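Colleague: Questions regarding the structure given below will be posed in turn.
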Amino acid sequence: MAKHQISNNIRKLRFNQDEMTQQQLGDMVGVSRQTIVAIEKGKYSPTLELAFRIAHVFDLPLHEVFSYNPDDDH
Amino acid sequence: MSYQEKRSILNLISSVLISGIYFWYVFRGDPTAGMDTDELMHFWGKSILILIPVTIVAKIVIAIFFAVGNTVATREKIPSADERDKLIELKSLRNSRYMFGFGFILAMVALTMNMSVNVMFIVIVLAGMASEIIENLSQLYFYRKGV
């Protein structure tokens with residue numbers, strides 16, 4: 001697969017949020033634990049709506065959860 | 001291994017087995033020997049029409065047993081399909097359709113080369129099986145490698 005250019009720090013944010021589990025985050029945003037695992041590993045780029053829902057859980061703006069790295073592809 | 005990966009492997013095995021066993025059962029004793037084109041068309045139409053409900057029922061039964069078995073073994077609830085599952089399903093279905101389309105063209109080529117109707121239907125059935133294999137392998141790939 002092509003390398004995704006969107007990275008995130010969900011794992012760190014979960015840890016700082018009382019060690020929230022992937023299952024708990026998945027339940028809160030309406031996706032499976034496997035999807036959270038895939039997002040954290042950079043194997044899946046979420047839709048804009050899901051990205052906003054995840055950022056909302058951590059009460060942070062989108063750019064503090066996800067970042068776009070266009071140079072990673074070169 | 002995730003629930004979705006296990007389900008893809010199970011679907012892969014079951015789709016090959018169901019079609020394989022069904023056509024082995026239908027073709028034992030060479031029933032098409034001596035048939036003319038009209039009889040062959042009737043035979044194939046009937047065989048494929050029966051295969052559809054057989055496959056649906058068998059897949060439902062297998063899916064129920066798998067869901068129950070997985071829940072008992074892992075004590076995890078079955079994850080409902082989310083946006084990633086739907087994307088993977090769409091991409092896998094696209095690959096599957098390419099395969100079936102290719103098989104359909106091959107079947108038409110067989111007809112234009114004056115081959116028997118039997119050959120055309122065999123190519124279509126094999127393309128159908130191959131497209132299911134491609135679909136499940138694609139799902140497995142996307143779940144493992146990312147989408």
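Each chain in the structure tokens gets a letter, A, B and so on, in the order shown; residues start at 1 in every chain, and ligands are counted from 1 in the order they appear.
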For chain A, list the residues within 6 Å of chain B, counting only C-alpha atoms, and write the list as a PyMOL selection string.
Modeller: chain A and resi 31-32+43-44
Colleague: Skip Ser8 of chain B itself and residues of its chain fewer than 6 positions away, then list as a list of chain:residue names all residues within 9 Å of it, counting only C-alpha atoms.
Modeller: B:Glu135, B:Asn136, B:Leu137, B:Gln139, B:Leu140
Colleague: Residues at most 12 Å from Ile50 of chain B, counting only C-alpha atoms, excluding those fewer than 4 positions away in the same chain, as a compact mmCIF listing (two decimals) with N, CA and C atoms, in the first residue's frame?
Modeller:
```txt
# COMPACT_ATOMS: atom_id res chain seq x y z
N SER B 19 -18.98 -24.32 -3.79
CA SER B 19 -19.08 -24.45 -5.25
C SER B 19 -18.44 -25.76 -5.71
N TYR B 22 -20.64 -28.72 -4.75
CA TYR B 22 -21.89 -28.69 -5.52
C TYR B 22 -21.66 -29.17 -6.96
N PHE B 23 -20.62 -28.63 -7.60
CA PHE B 23 -20.40 -29.02 -9.00
C PHE B 23 -19.85 -30.44 -9.13
N VAL B 26 -23.05 -32.35 -9.00
CA VAL B 26 -23.84 -32.21 -10.22
C VAL B 26 -23.21 -32.97 -11.39
N PHE B 43 -29.72 -27.48 -18.78
CA PHE B 43 -28.97 -28.10 -17.68
C PHE B 43 -28.19 -27.06 -16.88
N TRP B 44 -27.49 -26.17 -17.59
CA TRP B 44 -26.66 -25.17 -16.91
C TRP B 44 -27.52 -24.14 -16.18
N GLY B 45 -28.60 -23.73 -16.84
CA GLY B 45 -29.51 -22.76 -16.20
C GLY B 45 -30.03 -23.31 -14.88
N LYS B 46 -30.47 -24.58 -14.92
CA LYS B 46 -31.01 -25.22 -13.71
C LYS B 46 -29.91 -25.36 -12.65
N VAL B 54 -28.54 -22.64 -2.58
CA VAL B 54 -27.66 -23.55 -1.81
C VAL B 54 -26.52 -22.74 -1.18
N THR B 55 -25.91 -21.86 -1.97
CA THR B 55 -24.80 -21.05 -1.47
C THR B 55 -25.26 -20.10 -0.37
N ILE B 56 -26.42 -19.47 -0.59
CA ILE B 56 -26.93 -18.50 0.41
C ILE B 56 -27.17 -19.20 1.75
N VAL B 57 -27.88 -20.34 1.70
CA VAL B 57 -28.20 -21.06 2.94
C VAL B 57 -26.92 -21.54 3.62
```
Colleague: Give me, please, the distance in Å between atom CA of Lys12 of chain A and atom CA of Lys77 of chain B, quoted to one decimal.
Modeller: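 Atom CA of Lys77 of chain B lies 26.2 Å from atom CA of Lys12 of chain A.
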Colleague: Can you tell me how far atom CA of Leu40 of chain B sits from atom CA of Ile133 of chain B, in Å to one decimal?
Modeller: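 Going from atom CA of Leu40 of chain B over to atom CA of Ile133 of chain B, I get 26.9 Å.
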Colleague: I need the alpha helix (DSSP H) residues of chain B per DSSP on the backbone, written as JSON, numbers by chain.
Modeller: {"B": [3, 4, 5, 6, 7, 8, 9, 10, 11, 12, 13, 14, 15, 16, 17, 18, 19, 20, 21, 22, 23, 24, 25, 26, 27, 37, 38, 39, 40, 41, 42, 43, 44, 45, 46, 47, 48, 49, 50, 51, 52, 53, 54, 55, 56, 57, 58, 59, 60, 61, 62, 63, 64, 65, 66, 67, 68, 69, 70, 71, 72, 73, 74, 83, 84, 85, 86, 87, 88, 89, 90, 91, 92, 93, 94, 95, 96, 97, 98, 99, 100, 101, 102, 103, 104, 105, 106, 107, 108, 109, 110, 111, 112, 117, 118, 119, 120, 121, 122, 123, 124, 125, 126, 127, 128, 129, 130, 131, 132, 133, 134, 135, 136, 137, 138, 139, 140, 141, 142, 143, 144, 145]}
Colleague: Identify which of the residues B:Gly29, B:Glu39, B:Ser138, B:Leu12 lies closest to Glu89 of chain B, counting only C-alpha atoms when measuring atom-to-atom distances.
Modeller: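 Among the listed residues, B:Ser138 lies closest to Glu89 of chain B.
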Colleague: What does the structure give for the distance between atom CA of Pro70 of chain A and atom CA of Ile88 of chain B, in Å to one decimal?
Modeller: 24.1 Å
Colleague: For segment 33-35 of chain A, please output as a list in words all residues within 6 Å (counting only C-alpha atoms; exclusion window: fewer than 2 positions along the same chain).
Modeller: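 Contacts, in chain order: Gln22, Gln23, Gly26, Val37 and Ala38 of chain A.
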Colleague: Export N, CA, C and O atoms of the chosen residues as a short mmCIF file (atom, residue, chain, number, x, y, z; two decimals), in the first residue's frame?
Modeller:
```cif
data_model
loop_
_atom_site.label_atom_id
_atom_site.label_comp_id
_atom_site.auth_asym_id
_atom_site.auth_seq_id
_atom_site.Cartn_x
_atom_site.Cartn_y
_atom_site.Cartn_z
N GLN A 22 -8.26 1.29 23.49
CA GLN A 22 -8.68 1.45 22.09
C GLN A 22 -10.16 1.12 21.93
O GLN A 22 -10.87 1.77 21.16
N GLN A 23 -10.61 0.14 22.69
CA GLN A 23 -12.03 -0.23 22.63
C GLN A 23 -12.91 0.92 23.11
O GLN A 23 -13.94 1.23 22.50
N GLY A 26 -12.93 3.58 20.49
CA GLY A 26 -13.74 3.10 19.37
C GLY A 26 -15.23 3.22 19.67
O GLY A 26 -16.01 3.68 18.83
N VAL A 37 -6.92 0.66 16.02
CA VAL A 37 -5.57 0.08 15.91
C VAL A 37 -4.95 0.47 14.55
O VAL A 37 -3.80 0.92 14.48
N ALA A 38 -5.75 0.33 13.48
CA ALA A 38 -5.26 0.64 12.13
C ALA A 38 -4.91 2.12 11.99
O ALA A 38 -3.91 2.47 11.37
#
```
Colleague: Any idea what's packed within 9 Å of Val57 of chain A, counting only C-alpha atoms, ignoring anything in its chain fewer than 6 positions away? Could you give it as number ranges by chain?
Modeller: A: 25, 28-29
Colleague: Using only C-alpha atoms, can you tell me which of B:Ser131, B:Ser14, B:Ser92, B:Thr37 comes closest to Ile62 of chain B?
Modeller: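 Distance minimum relative to Ile62 of chain B lands on B:Ser14.
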Colleague: Which is closer to His42 of chain B than all the others in B:Val117, B:Val125, B:Ile21, B:Ala58, using only C-alpha atoms?
Modeller: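 Checking each of B:Val117, B:Val125, B:Ile21, B:Ala58 against His42 of chain B, counting only C-alpha atoms, the winner is B:Val117.
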Colleague: List the neighbours of segment 51-55 of chain A out to 8 Å using only C-alpha atoms; skip same-chain residues closer than 4 positions along the sequence, and give me the result as a list of chain:residue names.
Modeller: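 Within the cut-off, the hits are A:Leu25, A:Val29, A:Pro46, A:Thr47, A:Asp59, A:Leu60, A:Pro61, A:Leu62, A:Val65, A:Phe66.
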Colleague: Which residues are close to segment 98-109 of chain B, i.e. within 9 Å by only C-alpha atoms, leaving aside same-chain residues fewer than 3 positions away? Reply as JSON, numbers by chain.
Modeller: {"B": [93, 94, 95, 112, 113, 114, 115, 119, 120, 121, 122, 123, 124, 125, 126, 127, 128, 129, 130, 131, 132, 134]}
